[in-house]
Amino acid sequence: MGRVILHVDANSYYASVECLYNPDIRDKPVAVGGDIEARHGIILTKNRIAKRYGVQTGEAIWQAKQKCPGLICVPPDYGLYIRFSGRMRSIFEQYSNRVESFGLDEAWVDLTNKGTSITDGERIAHEIRERIKGELGLTVSVGVNWNKIFAKLGSDMKKPDAVTVIREDDYQHKTWGLPVDELLYVGRATRRKLADVNIRTIGALAQADAEWLDYKLGKNGLVLKAFANGLDQSPVMPVDYHMAIKSIGNSTTLPYDLETMDDARCVYYLLAESVAARMRENGFRARCVSISARSTTLVTNGCQRVLKHPTNLTDEIAQMAMQLFSERFARFLPYRSVGLSCSMLTPDTYPVQLDLLGDETARLRKETLERSVDDLRRRYGHQIVQRGVVLANKRFAEINPKEDHTIHPVPFFAG
Amino acid sequence: MSCKRPNRYKHYVKVRADHLPDGTIKPLMFRDDEAGGEVCLIDQIMDVREAPSLKAGGQGIRYTCRVGERQVMLFHDAEFWFVELGE
């Protein structure tokens with residue numbers, strides 16, 4: 001028996017929530033954009049009116065305003081978007097216990113059950129669409145199919161407030177003529193490689209030579225070919241599924257360019273504090289420290305190194321990050337954004353190989369101290385305790401990577 | 001996050017309510033300080049449902065209330081309460 005999967009995609013999500021809360025801007029071009037002062041000034045979402053002017057997600061706000069002089073640009077309110085996302089999810093969970101979110105505004109719902117047909121899926125899709133409109137005031141597009149990839153493709157076909165069903169007998173007709181980059185996981189680079197051999201549609205990808213795809217794109221080429229043929233088997237995760245944590249990291253685009261080693265030390269200490277605190281919170285120690293930095297010309301580089309001992313201490317992580325930074329990145333200053341990530345995680349309950357020459361007592365004391373700081377911050381807020389290195393550099397002191405940290409969407413190839 | 005987005009289509013109000021053992025909230029009266037502190041007793045709650053306020057902007061639990069001869073839409077939007085203003 002085939003599966004019945006819905007992909008529900010909220011239309012112009014952030015902009016729709018903003019328009020719902022402000023009746024005066026509903027019939028005007030509206031975009032939600034990051035904070036220009038903090039140099040996050042890009043368009044995150046736009047409504048349909050702004051889209052008609054050619055405003056695109058990801059472009060700078062000033063570029064969008066050139067295309068659409070009357071554009072109303074509002075700052076994002078993630079708390080509100082998270083609340084609406086939760087309300088949508090609770091509606092989905094009334095239909096299935098297999099609901100997998102893909103970012104705040106998209107989710108797959110697996111309705112597969114004895115006797116449920118694609119036609120039942122279509123009926124439930126309409127019911128969900130009507131409920132979200134009636135209860136939350138938002139419109140969604142829903143795709144109905146037997147796999148996640150085509151369900152997502154379907155939700156992109158008709159917008160807004162619509163349901164698209166792709167059935168077994170018409171999937172080739174409906175999907176094979178579409179540009180190949182409509183398929184999930186065909187990005188710019190893959191599209192270019194495929195275009196080199198004249199594969200421009202999903203149909204051409206579906207019929208492409210498997211050996212050539214394997215040679216050119218590796219095993220991902222074969223995965224994409226299977227996607228194009230409707231053979232995706234990936235499950236919709238159950239509602240209580242939590243992805244295994246493989247790494248913990250933070251990155252930040254800075255309000256000012258990072259110009260000196262002092263700046264770097266301050267920012268890496270801030271990031272290391274956040275990463276170390278999150279590792280302690282989740283009960284991990286890490287053996288590998290990776291850093292990344294993006295130049296003012298938007299070129300990103302990264303490097304990593306393995307530590308002698310697993311750690312969850314800010315000092316050890318920050319010192320390794322600074323060592324890497326001074327070896328690899330310092331000579332190319334300034335930088336626009338930087339990141340720090342720890343991987344090769346082990347539970348903090350695992351025995352640790354002690355260092356005969358190191359001072360384990362000091363490490364233990366440091367960990368106790370850092371846990372006390374975690375507790376103080378949990379009770380009184382992040383700014384209650386600050387490191388000297390951070391206070392010495394006022395330019396970046398207000399960054400709070402731990403609480404500002406939100407990553408959407410989660411990757412498709414999870415687990 | 002703040003759902004408090006004042007505009008000319010709604011008034012935020014002070015509400016007196018019963019919090020019932022089943023977790024539901026039954027508003028009894030509200031005071032509209034933006035309209036001179038008028039106190040309105042809710043005579044009847046005709047409908048309760050989750051709904052958007054398309055007129056005033058917002059979303060939450062919507063109480064369709066009878067206040068004397070008037071029908072008032074009272075919204076509980078996260079931690080705030082507001083009424084939709086008339087035509």
# chains A, B, ... in the order shown; residues from 1 in each chain; ligands from 1

$ residues_around --residues "Leu307 (chain A)" --least-positions-apart "6" --cutoff "10 Å" --atoms "only C-alpha atoms" --output "ChimeraX atom specification"
/A:286-289,316-317,320

$ interface_residues --of "chain B" --to "chain A" --cutoff "12 Å" --atoms "only C-alpha atoms" --output "PyMOL selection string"
chain B and resi 1-10+48-62+77-78

$ write_last_selection --atoms "N, CA and C atoms" --output "short mmCIF file (atom, residue, chain, number, x, y, z; two decimals), in the first residue's frame"
data_model
loop_
_atom_site.label_atom_id
_atom_site.label_comp_id
_atom_site.auth_asym_id
_atom_site.auth_seq_id
_atom_site.Cartn_x
_atom_site.Cartn_y
_atom_site.Cartn_z
N MET B 1 9.15 38.53 22.39
CA MET B 1 7.91 38.54 21.60
C MET B 1 6.90 39.44 22.29
N SER B 2 6.22 40.21 21.50
CA SER B 2 5.07 40.89 22.05
C SER B 2 3.96 40.88 21.03
N CYS B 3 2.80 40.39 21.45
CA CYS B 3 1.66 40.39 20.54
C CYS B 3 0.93 41.71 20.66
N LYS B 4 1.43 42.59 21.55
CA LYS B 4 0.71 43.85 21.75
C LYS B 4 1.06 44.79 20.61
N ARG B 5 0.16 44.92 19.68
CA ARG B 5 0.37 45.81 18.53
C ARG B 5 -0.82 46.76 18.48
N PRO B 6 -0.73 47.87 19.20
CA PRO B 6 -1.86 48.78 19.24
C PRO B 6 -2.15 49.36 17.85
N ASN B 7 -3.40 49.58 17.54
CA ASN B 7 -3.79 50.30 16.34
C ASN B 7 -5.19 50.86 16.52
N ARG B 8 -5.67 51.57 15.49
CA ARG B 8 -6.94 52.28 15.67
C ARG B 8 -8.15 51.36 15.56
N TYR B 9 -7.95 50.08 15.33
CA TYR B 9 -9.09 49.18 15.18
C TYR B 9 -9.39 48.38 16.45
N LYS B 10 -8.57 48.58 17.50
CA LYS B 10 -8.81 47.80 18.71
C LYS B 10 -8.43 48.58 19.96
N VAL B 48 -17.18 30.61 21.63
CA VAL B 48 -15.76 30.66 21.98
C VAL B 48 -15.01 29.82 20.97
N ARG B 49 -14.03 30.40 20.31
CA ARG B 49 -13.22 29.61 19.38
C ARG B 49 -11.90 30.32 19.11
N GLU B 50 -10.95 29.56 18.60
CA GLU B 50 -9.68 30.16 18.19
C GLU B 50 -9.92 30.81 16.83
N ALA B 51 -9.52 32.07 16.71
CA ALA B 51 -9.80 32.76 15.45
C ALA B 51 -8.88 33.97 15.29
N PRO B 52 -8.69 34.38 14.04
CA PRO B 52 -7.95 35.62 13.81
C PRO B 52 -8.89 36.81 13.94
N SER B 53 -8.34 37.95 14.27
CA SER B 53 -9.14 39.17 14.19
C SER B 53 -8.74 39.88 12.92
N LEU B 54 -9.50 39.65 11.87
CA LEU B 54 -9.13 40.26 10.59
C LEU B 54 -9.39 41.77 10.63
N LYS B 55 -10.37 42.15 11.44
CA LYS B 55 -10.73 43.57 11.51
C LYS B 55 -9.67 44.37 12.27
N ALA B 56 -9.25 43.85 13.43
CA ALA B 56 -8.37 44.64 14.29
C ALA B 56 -6.90 44.21 14.22
N GLY B 57 -6.65 43.02 13.68
CA GLY B 57 -5.28 42.53 13.62
C GLY B 57 -4.90 41.81 14.89
N GLY B 58 -4.72 40.50 14.80
CA GLY B 58 -4.36 39.70 15.96
C GLY B 58 -4.95 38.32 15.83
N GLN B 59 -4.67 37.49 16.83
CA GLN B 59 -5.18 36.11 16.77
C GLN B 59 -5.17 35.54 18.18
N GLY B 60 -6.16 34.75 18.48
CA GLY B 60 -6.20 34.13 19.80
C GLY B 60 -7.54 33.47 20.04
N ILE B 61 -7.93 33.35 21.32
CA ILE B 61 -9.26 32.80 21.62
C ILE B 61 -10.26 33.95 21.50
N ARG B 62 -11.25 33.74 20.64
CA ARG B 62 -12.24 34.80 20.41
C ARG B 62 -13.52 34.48 21.18
N ASP B 77 -5.33 37.29 23.20
CA ASP B 77 -4.21 37.10 22.28
C ASP B 77 -2.94 36.96 23.11
N ALA B 78 -2.48 35.72 23.29
CA ALA B 78 -1.36 35.42 24.21
C ALA B 78 -1.67 36.02 25.58
#

$ residues_around --residues "Ile248 (chain A)" --least-positions-apart "5" --cutoff "9 Å" --atoms "only C-alpha atoms" --output "list in words"
Val275, Ala276, Arg278, Met279, Ala286, Leu340, Ser341, Cys342, Ser343 and Leu345 of chain A

$ atom_distance --atom1 "CA of Ile25 (chain B)" --atom2 "CA of Tyr63 (chain B)"
10.1 Å

$ closest_residue --among "B:Asp47, B:Glu69, B:Asp32, B:Glu38" --to "Trp81 (chain B)" --atoms "only C-alpha atoms"
B:Asp32

$ atom_distance --atom1 "CA of Asp120 (chain A)" --atom2 "CA of Lys148 (chain A)"
16.9 Å

$ select_by_dssp --residues "region 54-265 of chain A" --states "strand (DSSP E)" --output "ChimeraX atom specification"
/A:72-74,99-101,106-110,140-145,162-165,247-258

$ closest_residue --among "A:Gln319, A:Thr119, A:Asn198, A:Thr260" --to "Thr164 (chain A)" --atoms "only C-alpha atoms"
A:Thr119

$ residues_around --residues "Arg285 (chain A)" --least-positions-apart "5" --cutoff "7 Å" --atoms "only C-alpha atoms" --output "ChimeraX atom specification"
/A:279,310-312,345-348

$ write_last_selection --atoms "N, CA and C atoms" --output "PDB file, in the first residue's frame"
ATOM      1  N   MET A 279      26.879  23.009  25.528  1.00  0.00           N
ATOM      2  CA  MET A 279      27.371  21.632  25.684  1.00  0.00           C
ATOM      3  C   MET A 279      27.077  21.131  27.088  1.00  0.00           C
ATOM      4  N   PRO A 310      38.697  15.735  25.610  1.00  0.00           N
ATOM      5  CA  PRO A 310      37.358  16.302  25.419  1.00  0.00           C
ATOM      6  C   PRO A 310      37.109  17.410  26.445  1.00  0.00           C
ATOM      7  N   THR A 311      36.444  18.463  26.036  1.00  0.00           N
ATOM      8  CA  THR A 311      36.259  19.583  26.959  1.00  0.00           C
ATOM      9  C   THR A 311      34.883  20.229  26.819  1.00  0.00           C
ATOM     10  N   ASN A 312      34.447  20.891  27.884  1.00  0.00           N
ATOM     11  CA  ASN A 312      33.285  21.766  27.794  1.00  0.00           C
ATOM     12  C   ASN A 312      33.612  23.089  28.478  1.00  0.00           C
ATOM     13  N   LEU A 345      31.465  14.772  19.757  1.00  0.00           N
ATOM     14  CA  LEU A 345      30.911  14.916  21.100  1.00  0.00           C
ATOM     15  C   LEU A 345      30.889  13.577  21.841  1.00  0.00           C
ATOM     16  N   THR A 346      31.171  13.636  23.136  1.00  0.00           N
ATOM     17  CA  THR A 346      30.989  12.449  23.990  1.00  0.00           C
ATOM     18  C   THR A 346      30.169  12.899  25.195  1.00  0.00           C
ATOM     19  N   PRO A 347      29.343  12.002  25.734  1.00  0.00           N
ATOM     20  CA  PRO A 347      28.558  12.388  26.913  1.00  0.00           C
ATOM     21  C   PRO A 347      29.484  12.761  28.060  1.00  0.00           C
ATOM     22  N   ASP A 348      29.081  13.748  28.870  1.00  0.00           N
ATOM     23  CA  ASP A 348      29.988  14.177  29.952  1.00  0.00           C
ATOM     24  C   ASP A 348      30.005  13.200  31.130  1.00  0.00           C
TER      25      ASP A 348
END

$ residues_around --residues "Val144 (chain A)" --least-positions-apart "2" --cutoff "9 Å" --atoms "only C-alpha atoms" --output "number ranges by chain"
A: 4-8, 118, 121-122, 125, 142, 146-148, 150-152, 154-155, 163-167

$ atom_distance --atom1 "CA of Thr201 (chain A)" --atom2 "CA of Trp176 (chain A)"
6.3 Å

$ residues_around --residues "Val55 (chain A)" --least-positions-apart "6" --cutoff "10 Å" --atoms "only C-alpha atoms" --output "ChimeraX atom specification"
/A:29-31,43,45-49,61,63-68,71

$ write_last_selection --atoms "C-alpha atoms" --output "mmCIF file, in the first residue's frame"
data_model
loop_
_atom_site.group_PDB
_atom_site.id
_atom_site.type_symbol
_atom_site.label_atom_id
_atom_site.label_comp_id
_atom_site.auth_asym_id
_atom_site.auth_seq_id
_atom_site.Cartn_x
_atom_site.Cartn_y
_atom_site.Cartn_z
ATOM 1 C CA PRO A 29 3.863 45.763 -0.539
ATOM 2 C CA VAL A 30 5.346 44.402 2.694
ATOM 3 C CA ALA A 31 8.635 42.703 3.457
ATOM 4 C CA ILE A 43 14.763 40.605 2.930
ATOM 5 C CA THR A 45 10.097 37.287 3.319
ATOM 6 C CA LYS A 46 7.847 39.437 1.185
ATOM 7 C CA ASN A 47 4.131 39.381 0.561
ATOM 8 C CA ARG A 48 2.573 38.733 -2.850
ATOM 9 C CA ILE A 49 2.249 42.429 -3.669
ATOM 10 C CA ILE A 61 16.754 45.970 1.738
ATOM 11 C CA GLN A 63 17.982 46.910 -3.453
ATOM 12 C CA ALA A 64 14.391 45.894 -2.731
ATOM 13 C CA LYS A 65 13.433 49.521 -2.077
ATOM 14 C CA GLN A 66 14.899 50.517 -5.419
ATOM 15 C CA LYS A 67 12.610 48.041 -7.161
ATOM 16 C CA CYS A 68 9.628 48.923 -5.020
ATOM 17 C CA LEU A 71 7.926 48.884 0.165
#

$ select_by_dssp --residues "region 197-361 of chain A" --states "alpha helix (DSSP H)" --output "PyMOL selection string"
chain A and resi 202-206+210-217+219-228+261-282+314-324+360-361

$ residues_around --residues "Thr139 (chain A)" --least-positions-apart "4" --cutoff "8 Å" --atoms "only C-alpha atoms" --output "ChimeraX atom specification"
/A:10-11,129,132-133,160-161

$ decode --residues "region 227-321 of chain A" --atoms "C-alpha atoms" --output "PDB file, in the first residue's frame"
ATOM      1  CA  PHE A 227      13.767  11.696  -6.149  1.00  0.00           C
ATOM      2  CA  ALA A 228      12.866  12.620  -9.742  1.00  0.00           C
ATOM      3  CA  ASN A 229      11.344   9.183 -10.277  1.00  0.00           C
ATOM      4  CA  GLY A 230       9.178   9.457  -7.157  1.00  0.00           C
ATOM      5  CA  LEU A 231      11.185   6.790  -5.354  1.00  0.00           C
ATOM      6  CA  ASP A 232      12.027   8.769  -2.199  1.00  0.00           C
ATOM      7  CA  GLN A 233      11.469   6.456   0.771  1.00  0.00           C
ATOM      8  CA  SER A 234      12.524   8.755   3.612  1.00  0.00           C
ATOM      9  CA  PRO A 235      10.120   8.535   6.544  1.00  0.00           C
ATOM     10  CA  VAL A 236       8.234  11.392   8.166  1.00  0.00           C
ATOM     11  CA  MET A 237       9.643  11.488  11.678  1.00  0.00           C
ATOM     12  CA  PRO A 238       7.337  10.827  14.657  1.00  0.00           C
ATOM     13  CA  VAL A 239       6.390  13.849  16.755  1.00  0.00           C
ATOM     14  CA  ASP A 240       8.562  12.790  19.686  1.00  0.00           C
ATOM     15  CA  TYR A 241      11.651  12.296  17.513  1.00  0.00           C
ATOM     16  CA  HIS A 242      14.691  14.326  18.528  1.00  0.00           C
ATOM     17  CA  MET A 243      17.589  14.529  16.163  1.00  0.00           C
ATOM     18  CA  ALA A 244      20.858  13.189  17.574  1.00  0.00           C
ATOM     19  CA  ILE A 245      23.151  16.132  18.276  1.00  0.00           C
ATOM     20  CA  LYS A 246      26.377  15.795  16.303  1.00  0.00           C
ATOM     21  CA  SER A 247      27.840  19.215  16.860  1.00  0.00           C
ATOM     22  CA  ILE A 248      27.113  22.398  18.756  1.00  0.00           C
ATOM     23  CA  GLY A 249      28.024  25.703  17.203  1.00  0.00           C
ATOM     24  CA  ASN A 250      27.261  29.392  16.985  1.00  0.00           C
ATOM     25  CA  SER A 251      27.966  32.004  14.410  1.00  0.00           C
ATOM     26  CA  THR A 252      27.243  35.681  14.244  1.00  0.00           C
ATOM     27  CA  THR A 253      27.266  38.481  11.723  1.00  0.00           C
ATOM     28  CA  LEU A 254      28.886  41.332  13.606  1.00  0.00           C
ATOM     29  CA  PRO A 255      27.502  44.851  13.903  1.00  0.00           C
ATOM     30  CA  TYR A 256      31.003  46.118  12.937  1.00  0.00           C
ATOM     31  CA  ASP A 257      33.762  44.424  10.989  1.00  0.00           C
ATOM     32  CA  LEU A 258      36.196  42.440  13.068  1.00  0.00           C
ATOM     33  CA  GLU A 259      39.439  44.333  12.536  1.00  0.00           C
ATOM     34  CA  THR A 260      41.971  43.449  15.225  1.00  0.00           C
ATOM     35  CA  MET A 261      43.128  40.435  17.197  1.00  0.00           C
ATOM     36  CA  ASP A 262      41.508  41.996  20.283  1.00  0.00           C
ATOM     37  CA  ASP A 263      38.187  42.060  18.452  1.00  0.00           C
ATOM     38  CA  ALA A 264      38.676  38.421  17.481  1.00  0.00           C
ATOM     39  CA  ARG A 265      39.525  37.407  21.038  1.00  0.00           C
ATOM     40  CA  CYS A 266      36.402  39.132  22.369  1.00  0.00           C
ATOM     41  CA  VAL A 267      34.074  37.587  19.784  1.00  0.00           C
ATOM     42  CA  TYR A 268      35.546  34.093  20.022  1.00  0.00           C
ATOM     43  CA  TYR A 269      35.243  34.220  23.820  1.00  0.00           C
ATOM     44  CA  LEU A 270      31.573  35.198  23.427  1.00  0.00           C
ATOM     45  CA  LEU A 271      30.972  32.344  21.002  1.00  0.00           C
ATOM     46  CA  ALA A 272      32.978  29.858  23.074  1.00  0.00           C
ATOM     47  CA  GLU A 273      31.001  30.790  26.196  1.00  0.00           C
ATOM     48  CA  SER A 274      27.763  30.138  24.381  1.00  0.00           C
ATOM     49  CA  VAL A 275      28.928  26.863  22.826  1.00  0.00           C
ATOM     50  CA  ALA A 276      30.406  25.619  26.116  1.00  0.00           C
ATOM     51  CA  ALA A 277      27.231  26.525  28.017  1.00  0.00           C
ATOM     52  CA  ARG A 278      25.091  24.666  25.478  1.00  0.00           C
ATOM     53  CA  MET A 279      27.371  21.632  25.684  1.00  0.00           C
ATOM     54  CA  ARG A 280      27.023  21.560  29.469  1.00  0.00           C
ATOM     55  CA  GLU A 281      23.268  22.028  29.150  1.00  0.00           C
ATOM     56  CA  ASN A 282      23.038  19.020  26.830  1.00  0.00           C
ATOM     57  CA  GLY A 283      25.565  16.944  28.766  1.00  0.00           C
ATOM     58  CA  PHE A 284      28.430  16.821  26.260  1.00  0.00           C
ATOM     59  CA  ARG A 285      32.149  17.321  25.936  1.00  0.00           C
ATOM     60  CA  ALA A 286      33.760  17.883  22.553  1.00  0.00           C
ATOM     61  CA  ARG A 287      37.079  16.849  21.061  1.00  0.00           C
ATOM     62  CA  CYS A 288      37.100  18.943  17.924  1.00  0.00           C
ATOM     63  CA  VAL A 289      36.966  22.730  17.563  1.00  0.00           C
ATOM     64  CA  SER A 290      36.119  24.289  14.183  1.00  0.00           C
ATOM     65  CA  ILE A 291      36.086  27.953  13.315  1.00  0.00           C
ATOM     66  CA  SER A 292      34.832  29.788  10.280  1.00  0.00           C
ATOM     67  CA  ALA A 293      35.094  33.384   9.150  1.00  0.00           C
ATOM     68  CA  ARG A 294      33.457  35.296   6.341  1.00  0.00           C
ATOM     69  CA  SER A 295      35.380  38.137   4.768  1.00  0.00           C
ATOM     70  CA  THR A 296      33.962  41.527   3.853  1.00  0.00           C
ATOM     71  CA  THR A 297      33.779  40.250   0.256  1.00  0.00           C
ATOM     72  CA  LEU A 298      31.541  37.415   1.520  1.00  0.00           C
ATOM     73  CA  VAL A 299      34.056  34.598   1.031  1.00  0.00           C
ATOM     74  CA  THR A 300      33.815  32.010   3.812  1.00  0.00           C
ATOM     75  CA  ASN A 301      36.666  29.841   5.058  1.00  0.00           C
ATOM     76  CA  GLY A 302      36.910  27.320   7.849  1.00  0.00           C
ATOM     77  CA  CYS A 303      39.348  25.058   9.628  1.00  0.00           C
ATOM     78  CA  GLN A 304      39.338  22.666  12.551  1.00  0.00           C
ATOM     79  CA  ARG A 305      41.611  20.905  15.011  1.00  0.00           C
ATOM     80  CA  VAL A 306      41.295  18.006  17.446  1.00  0.00           C
ATOM     81  CA  LEU A 307      41.950  18.702  21.135  1.00  0.00           C
ATOM     82  CA  LYS A 308      43.990  16.436  23.382  1.00  0.00           C
ATOM     83  CA  HIS A 309      41.101  15.963  25.808  1.00  0.00           C
ATOM     84  CA  PRO A 310      37.358  16.302  25.419  1.00  0.00           C
ATOM     85  CA  THR A 311      36.259  19.583  26.959  1.00  0.00           C
ATOM     86  CA  ASN A 312      33.285  21.766  27.794  1.00  0.00           C
ATOM     87  CA  LEU A 313      35.354  24.667  29.154  1.00  0.00           C
ATOM     88  CA  THR A 314      35.143  28.113  27.586  1.00  0.00           C
ATOM     89  CA  ASP A 315      38.850  28.811  28.050  1.00  0.00           C
ATOM     90  CA  GLU A 316      40.052  25.691  26.275  1.00  0.00           C
ATOM     91  CA  ILE A 317      37.643  26.134  23.370  1.00  0.00           C
ATOM     92  CA  ALA A 318      38.376  29.851  22.989  1.00  0.00           C
ATOM     93  CA  GLN A 319      42.131  29.313  23.179  1.00  0.00           C
ATOM     94  CA  MET A 320      42.002  26.675  20.457  1.00  0.00           C
ATOM     95  CA  ALA A 321      39.797  28.947  18.340  1.00  0.00           C
TER      96      ALA A 321
END
